[in-house]
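First up is the structure itself, then whatever we jot down about it.
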Amino acid sequence: MIRNILIRGQNIPFIKGEGVLIDHFNKIEQSKKFQNYIKSWEQSNVEMKQIEVSYVYMFGQNVGFVNLIVDAYLNGIKLPGFVFLRGDAVAILLLVNKKMVLTQQFRVPVGKFTIEAPAGMMDEQGDFGGVAAKEIKEETGISIQHNEMRYLQDMLVSPGGSDEVIHLFVVEKNMEQALLDELCQKTHGAEGEGEQIKLVIQDFTWDNVLKTQDSKLIAAAAAYYNPKL
């Protein structure tokens, strides 16, 4: 199946790859992550000839991850065109009682346990603050209000292969140590998503930040220490 989508006032062929269900193809075109991707081309002078959907991984009824093959040219030379479409995400530098509250979980793609800043993918509503508060509650058990969040910066994660932009925030708050200790004894995560998350409390130092190897946390800490960046 081929249909046209409008990019910079031009009709660009949008192709359903073999094995992609028509229902999923329709949902991709309507999804916020795909619409945001199309908008990202508006300021570019790079020639685009077509977009093919080669694979889609659904989150229930919603579009999860999408593989695109984009036929694009700059100065007449074909550009690498594989796109892993993830959409936007949020990550939070969570400081409680002046210490970092981090999450530890097993990550199948890297085959090991990781220590990270709480984070999550954006939903179709695109409410950064709402998603951040929801993810903190699910992953840590800590409730936050929208006015407790301070925006830090956006970061591109892997622009050579993915569209993902992570919106970074910081939350600083105090809470009773006994309550925090209680949360550290529990396993957290969204019900039905297979998450088994434990909390890790660490001093907020550069050494501890860097040891995590978590790019989200490193970028958030850099923005926090250097607000003019």
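Within each chain, counting starts at residue 1; across the structure tokens, chains are named A, B, ... in the order shown, with ligands numbered 1 upward in that order.
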*Within 12 Å of Lys78 of chain A, counting only C-alpha atoms, which residues qualify if same-chain residues fewer than 4 places away don't, as a VMD selection string?*
chain A and resid 46 to 49 70 to 74 82
*If you run DSSP on the backbone, which residues of segment 136-178 of chain A are strand (DSSP E), as a list in words?*
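DSSP-assigned strand (DSSP E) residues in segment 136-178 of chain A: Met149, Arg150, Tyr151, Leu152, Gln153, Asp154, Met155, Leu156, Val165, Ile166, His167, Leu168, Phe169, Val170, Val171, Glu172 and Lys173 of chain A.
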For the selection just defined, write its residues with C-alpha atoms to a file, as a JSON list (two decimals), in the first residue's frame.
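Wrote it out as out02.json, contents follow:
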[["chain", "number", "residue", "atom", "x", "y", "z"],
["A", 149, "MET", "CA", 9.36, 20.14, 38.59],
["A", 150, "ARG", "CA", 11.94, 22.40, 36.98],
["A", 151, "TYR", "CA", 12.81, 22.01, 33.31],
["A", 152, "LEU", "CA", 16.52, 21.57, 32.54],
["A", 153, "GLN", "CA", 17.04, 20.86, 28.83],
["A", 154, "ASP", "CA", 16.34, 18.49, 25.93],
["A", 155, "MET", "CA", 18.83, 15.93, 24.68],
["A", 156, "LEU", "CA", 19.17, 13.86, 21.51],
["A", 165, "VAL", "CA", 14.42, 13.35, 22.36],
["A", 166, "ILE", "CA", 14.52, 13.18, 26.16],
["A", 167, "HIS", "CA", 13.13, 16.14, 28.10],
["A", 168, "LEU", "CA", 15.08, 16.53, 31.33],
["A", 169, "PHE", "CA", 13.67, 17.83, 34.62],
["A", 170, "VAL", "CA", 14.85, 18.14, 38.20],
["A", 171, "VAL", "CA", 12.77, 17.67, 41.35],
["A", 172, "GLU", "CA", 14.17, 18.63, 44.74],
["A", 173, "LYS", "CA", 12.19, 17.81, 47.84]]
When you look at segment 63-66 of chain A with a cut-off of 12 Å (counting only C-alpha atoms), what residues show up, excluding the ones that are within fewer than 2 positions of it in the same chain? I need them as a compact mmCIF listing (two decimals) with N, CA and C atoms, in the first residue's frame.
# COMPACT_ATOMS: atom_id res chain seq x y z
N LYS A 16 3.57 1.14 3.06
CA LYS A 16 3.41 0.08 4.05
C LYS A 16 4.29 -1.09 3.64
N GLY A 17 5.24 -1.42 4.48
CA GLY A 17 6.14 -2.53 4.18
C GLY A 17 5.44 -3.87 4.28
N VAL A 20 3.53 -5.51 7.57
CA VAL A 20 2.93 -4.49 8.43
C VAL A 20 1.41 -4.50 8.22
N ASP A 23 -4.04 -1.88 9.81
CA ASP A 23 -4.50 -1.16 11.00
C ASP A 23 -3.34 -0.47 11.71
N HIS A 24 -2.21 -1.18 11.80
CA HIS A 24 -1.02 -0.60 12.43
C HIS A 24 -0.46 0.54 11.58
N PHE A 25 -0.49 0.35 10.27
CA PHE A 25 -0.01 1.39 9.34
C PHE A 25 -0.81 2.68 9.52
N ASN A 26 -2.12 2.54 9.63
CA ASN A 26 -2.98 3.71 9.84
C ASN A 26 -2.68 4.39 11.18
N LYS A 27 -2.46 3.59 12.21
CA LYS A 27 -2.18 4.15 13.53
C LYS A 27 -0.84 4.87 13.57
N ILE A 28 0.14 4.35 12.82
CA ILE A 28 1.44 5.02 12.76
C ILE A 28 1.28 6.43 12.19
N GLU A 29 0.56 6.54 11.09
CA GLU A 29 0.38 7.84 10.44
C GLU A 29 -0.29 8.84 11.37
N GLN A 30 -1.18 8.37 12.25
CA GLN A 30 -1.91 9.24 13.15
C GLN A 30 -1.20 9.48 14.47
N SER A 31 -0.14 8.71 14.75
CA SER A 31 0.51 8.79 16.06
C SER A 31 1.29 10.08 16.24
N LYS A 32 1.40 10.48 17.50
CA LYS A 32 2.11 11.73 17.81
C LYS A 32 3.59 11.63 17.47
N LYS A 33 4.20 10.46 17.70
CA LYS A 33 5.64 10.33 17.41
C LYS A 33 5.92 10.49 15.92
N PHE A 34 5.04 9.94 15.06
CA PHE A 34 5.25 10.08 13.63
C PHE A 34 4.97 11.52 13.17
N TYR A 37 7.86 13.56 14.00
CA TYR A 37 8.98 13.28 13.10
C TYR A 37 8.81 14.03 11.78
N ILE A 51 9.02 7.43 2.33
CA ILE A 51 9.17 6.83 3.66
C ILE A 51 8.48 5.47 3.64
N GLU A 52 9.21 4.45 4.05
CA GLU A 52 8.61 3.11 4.14
C GLU A 52 8.59 2.64 5.59
N VAL A 53 7.48 2.11 6.03
CA VAL A 53 7.38 1.48 7.35
C VAL A 53 7.75 0.02 7.19
N SER A 54 8.87 -0.39 7.78
CA SER A 54 9.32 -1.78 7.61
C SER A 54 8.90 -2.67 8.78
N TYR A 55 8.63 -2.05 9.95
CA TYR A 55 8.25 -2.85 11.12
C TYR A 55 7.62 -1.94 12.16
N VAL A 56 6.67 -2.51 12.91
CA VAL A 56 6.07 -1.77 14.02
C VAL A 56 5.89 -2.72 15.20
N TYR A 57 6.23 -2.24 16.39
CA TYR A 57 6.00 -2.98 17.62
C TYR A 57 4.94 -2.21 18.40
N MET A 58 3.80 -2.85 18.64
CA MET A 58 2.69 -2.18 19.29
C MET A 58 2.74 -2.36 20.80
N PHE A 59 2.33 -1.31 21.52
CA PHE A 59 2.10 -1.40 22.96
C PHE A 59 0.59 -1.55 23.14
N GLY A 60 0.09 -2.77 23.10
CA GLY A 60 -1.34 -2.96 23.14
C GLY A 60 -1.97 -2.40 21.88
N GLN A 61 -2.85 -1.41 22.05
CA GLN A 61 -3.51 -0.76 20.92
C GLN A 61 -2.76 0.47 20.43
N LEU A 68 11.61 2.79 10.24
CA LEU A 68 11.36 3.46 8.97
C LEU A 68 12.58 3.36 8.07
N ILE A 69 12.34 3.27 6.77
CA ILE A 69 13.40 3.42 5.78
C ILE A 69 13.08 4.69 5.00
N PHE A 82 17.97 4.64 7.75
CA PHE A 82 17.25 3.83 8.73
C PHE A 82 16.90 4.67 9.94
N VAL A 83 15.64 4.63 10.38
CA VAL A 83 15.17 5.39 11.53
C VAL A 83 14.47 4.46 12.51
N PHE A 84 14.95 4.43 13.75
CA PHE A 84 14.25 3.74 14.83
C PHE A 84 13.41 4.79 15.52
N LEU A 85 12.11 4.77 15.24
CA LEU A 85 11.20 5.80 15.73
C LEU A 85 10.69 5.40 17.11
N ARG A 86 11.13 6.15 18.12
CA ARG A 86 10.71 5.91 19.50
C ARG A 86 9.80 7.02 20.02
N GLY A 87 10.00 8.24 19.52
CA GLY A 87 9.26 9.36 20.06
C GLY A 87 9.96 9.98 21.26
N ASP A 88 9.31 10.97 21.87
CA ASP A 88 9.89 11.69 22.99
C ASP A 88 9.77 10.91 24.30
N MET A 121 8.52 6.95 28.48
CA MET A 121 8.15 7.45 27.17
C MET A 121 6.93 8.34 27.25
N MET A 122 6.85 9.30 26.32
CA MET A 122 5.70 10.18 26.24
C MET A 122 4.49 9.42 25.72
N ASP A 123 3.29 9.86 26.16
CA ASP A 123 2.06 9.29 25.63
C ASP A 123 1.52 10.17 24.50
N GLU A 124 0.36 9.82 23.99
CA GLU A 124 -0.21 10.55 22.86
C GLU A 124 -0.65 11.97 23.23
N GLY A 161 20.61 7.15 14.54
CA GLY A 161 19.70 6.04 14.27
C GLY A 161 18.30 6.21 14.79
N SER A 162 18.11 7.14 15.74
CA SER A 162 16.81 7.27 16.38
C SER A 162 16.38 8.72 16.48
N ASP A 163 15.06 8.92 16.49
CA ASP A 163 14.48 10.26 16.62
C ASP A 163 14.36 10.70 18.07
N GLU A 164 14.64 9.83 19.02
CA GLU A 164 14.28 10.07 20.42
C GLU A 164 14.88 11.37 20.98
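Straight-line separation from atom CA of Gln213 of chain A to atom CA of Ala117 of chain A: 10.7 Å.
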*Which residues, written as a ChimeraX atom specification, have at least one atom at most 10 Å from segment 206-211 of chain A, with only C-alpha atoms counted and residues fewer than 6 positions away on the same chain left out?*
/A:100,115-117,217-222
Just write the chosen residues, N, CA and C atoms, as a PDB file, in the first residue's frame.
ATOM      1  N   MET A 100      20.487  11.651  45.545  1.00  0.00           N
ATOM      2  CA  MET A 100      19.863  11.150  44.323  1.00  0.00           C
ATOM      3  C   MET A 100      19.027   9.911  44.617  1.00  0.00           C
ATOM      4  N   ILE A 115      21.704   1.254  36.789  1.00  0.00           N
ATOM      5  CA  ILE A 115      21.236   2.270  37.724  1.00  0.00           C
ATOM      6  C   ILE A 115      20.990   3.536  36.918  1.00  0.00           C
ATOM      7  N   GLU A 116      19.764   4.072  37.006  1.00  0.00           N
ATOM      8  CA  GLU A 116      19.356   5.154  36.118  1.00  0.00           C
ATOM      9  C   GLU A 116      18.507   6.189  36.842  1.00  0.00           C
ATOM     10  N   ALA A 117      18.354   7.333  36.170  1.00  0.00           N
ATOM     11  CA  ALA A 117      17.361   8.315  36.578  1.00  0.00           C
ATOM     12  C   ALA A 117      15.981   7.782  36.196  1.00  0.00           C
ATOM     13  N   LEU A 217      20.967  10.694  33.150  1.00  0.00           N
ATOM     14  CA  LEU A 217      21.389  11.258  34.434  1.00  0.00           C
ATOM     15  C   LEU A 217      22.581  12.189  34.255  1.00  0.00           C
ATOM     16  N   ILE A 218      23.530  11.791  33.425  1.00  0.00           N
ATOM     17  CA  ILE A 218      24.721  12.617  33.200  1.00  0.00           C
ATOM     18  C   ILE A 218      24.328  13.962  32.593  1.00  0.00           C
ATOM     19  N   ALA A 219      23.447  13.939  31.593  1.00  0.00           N
ATOM     20  CA  ALA A 219      23.013  15.186  30.957  1.00  0.00           C
ATOM     21  C   ALA A 219      22.222  16.052  31.919  1.00  0.00           C
ATOM     22  N   ALA A 220      21.353  15.435  32.712  1.00  0.00           N
ATOM     23  CA  ALA A 220      20.555  16.201  33.674  1.00  0.00           C
ATOM     24  C   ALA A 220      21.444  16.841  34.734  1.00  0.00           C
ATOM     25  N   ALA A 221      22.440  16.096  35.214  1.00  0.00           N
ATOM     26  CA  ALA A 221      23.353  16.642  36.224  1.00  0.00           C
ATOM     27  C   ALA A 221      24.174  17.788  35.648  1.00  0.00           C
ATOM     28  N   ALA A 222      24.615  17.644  34.390  1.00  0.00           N
ATOM     29  CA  ALA A 222      25.381  18.713  33.750  1.00  0.00           C
ATOM     30  C   ALA A 222      24.533  19.974  33.620  1.00  0.00           C
TER      31      ALA A 222
END
*Which neighbours of Lys186 of chain A fall inside 10 Å, counting only C-alpha atoms, when residues of the same chain fewer than 4 positions from it are skipped, and could you give them as an NGL selection string?*
:A and (140-141 or 181-182 or 196-199)
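Atom CA of Val110 of chain A is positioned 22.8 Å from atom CA of Ile136 of chain A.
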*Between A:Thr205, A:Glu138, A:Ser44, A:Asn75, single out the one closest to Gly192 of chain A, counting only C-alpha atoms.*
A:Glu138
*asked:* For the structure I just gave you, how does DSSP split segment 27-213 of chain A - specifically, which residues are helix (DSSP H, G or I)? Reply as a ChimeraX atom specification.
replied: /A:27-30,32-40,128-140,146-148,177-184,206-211
Using only C-alpha atoms, which protein or nucleic acid residues come within 9 Å of Ala133 of chain A? Drop anything in the same chain fewer than 5 positions from it, and give the result as a tab-separated table (two decimals) with N, CA and C atoms, in the first residue's frame.
chain	number	residue	atom	x	y	z
A	128	PHE	N	4.36	16.62	29.17
A	128	PHE	CA	5.64	16.27	29.79
A	128	PHE	C	5.53	16.15	31.31
A	138	GLU	N	5.33	5.60	39.60
A	138	GLU	CA	5.41	4.19	39.27
A	138	GLU	C	6.76	3.58	39.63
A	142	ILE	N	7.18	7.70	44.92
A	142	ILE	CA	7.17	9.07	45.44
A	142	ILE	C	6.22	9.92	44.60
A	143	SER	N	5.33	10.62	45.25
A	143	SER	CA	4.39	11.51	44.56
A	143	SER	C	4.98	12.91	44.45
A	144	ILE	N	4.85	13.51	43.27
A	144	ILE	CA	5.29	14.89	43.09
A	144	ILE	C	4.18	15.70	42.45
A	145	GLN	N	4.25	17.00	42.66
A	145	GLN	CA	3.31	17.93	42.05
A	145	GLN	C	3.99	18.61	40.85
A	146	HIS	N	3.17	19.07	39.93
A	146	HIS	CA	3.70	19.69	38.72
A	146	HIS	C	4.60	20.88	39.05
A	149	MET	N	8.48	20.48	39.69
A	149	MET	CA	9.36	20.14	38.59
A	149	MET	C	9.98	21.38	37.96
*Interatomic distance between atom CA of Ala91 of chain A and atom CA of Thr212 of chain A?*
14.5 Å
*Can you list, as a list of chain:residue names, every protein, DNA or RNA residue that comes within 8 Å of Ile2 of chain A when you count only C-alpha atoms, leaving out same-chain residues fewer than 4 positions away?*
A:Pro13, A:Phe14, A:Ile15, A:Lys16
Can I get the selected residues back with all heavy atoms, as a PDB file, in the first residue's frame?
ATOM      1  N   PRO A  13       5.542   9.849  -1.003  1.00  0.00           N
ATOM      2  CA  PRO A  13       4.993   8.498  -0.862  1.00  0.00           C
ATOM      3  C   PRO A  13       5.277   7.910   0.528  1.00  0.00           C
ATOM      4  O   PRO A  13       6.418   7.946   1.006  1.00  0.00           O
ATOM      5  CB  PRO A  13       5.722   7.710  -1.959  1.00  0.00           C
ATOM      6  CG  PRO A  13       6.121   8.737  -2.967  1.00  0.00           C
ATOM      7  CD  PRO A  13       6.442   9.964  -2.172  1.00  0.00           C
ATOM      8  N   PHE A  14       4.233   7.397   1.142  1.00  0.00           N
ATOM      9  CA  PHE A  14       4.306   6.753   2.451  1.00  0.00           C
ATOM     10  C   PHE A  14       3.900   5.300   2.237  1.00  0.00           C
ATOM     11  O   PHE A  14       2.764   5.009   1.873  1.00  0.00           O
ATOM     12  CB  PHE A  14       3.375   7.466   3.430  1.00  0.00           C
ATOM     13  CG  PHE A  14       3.414   6.945   4.824  1.00  0.00           C
ATOM     14  CD1 PHE A  14       4.614   6.726   5.481  1.00  0.00           C
ATOM     15  CD2 PHE A  14       2.229   6.684   5.512  1.00  0.00           C
ATOM     16  CE1 PHE A  14       4.656   6.252   6.781  1.00  0.00           C
ATOM     17  CE2 PHE A  14       2.251   6.214   6.820  1.00  0.00           C
ATOM     18  CZ  PHE A  14       3.456   5.996   7.456  1.00  0.00           C
ATOM     19  N   ILE A  15       4.839   4.375   2.444  1.00  0.00           N
ATOM     20  CA  ILE A  15       4.697   3.000   1.982  1.00  0.00           C
ATOM     21  C   ILE A  15       4.552   2.028   3.147  1.00  0.00           C
ATOM     22  O   ILE A  15       5.331   2.078   4.111  1.00  0.00           O
ATOM     23  CB  ILE A  15       5.913   2.599   1.123  1.00  0.00           C
ATOM     24  CG1 ILE A  15       6.077   3.575  -0.041  1.00  0.00           C
ATOM     25  CG2 ILE A  15       5.792   1.165   0.628  1.00  0.00           C
ATOM     26  CD1 ILE A  15       7.398   3.426  -0.774  1.00  0.00           C
ATOM     27  N   LYS A  16       3.570   1.143   3.064  1.00  0.00           N
ATOM     28  CA  LYS A  16       3.408   0.080   4.047  1.00  0.00           C
ATOM     29  C   LYS A  16       4.289  -1.092   3.644  1.00  0.00           C
ATOM     30  O   LYS A  16       4.125  -1.677   2.572  1.00  0.00           O
ATOM     31  CB  LYS A  16       1.947  -0.374   4.111  1.00  0.00           C
ATOM     32  CG  LYS A  16       1.676  -1.440   5.179  1.00  0.00           C
ATOM     33  CD  LYS A  16       0.251  -1.916   5.158  1.00  0.00           C
ATOM     34  CE  LYS A  16       0.011  -2.909   4.033  1.00  0.00           C
ATOM     35  NZ  LYS A  16       0.753  -4.194   4.265  1.00  0.00           N
TER      36      LYS A  16
END
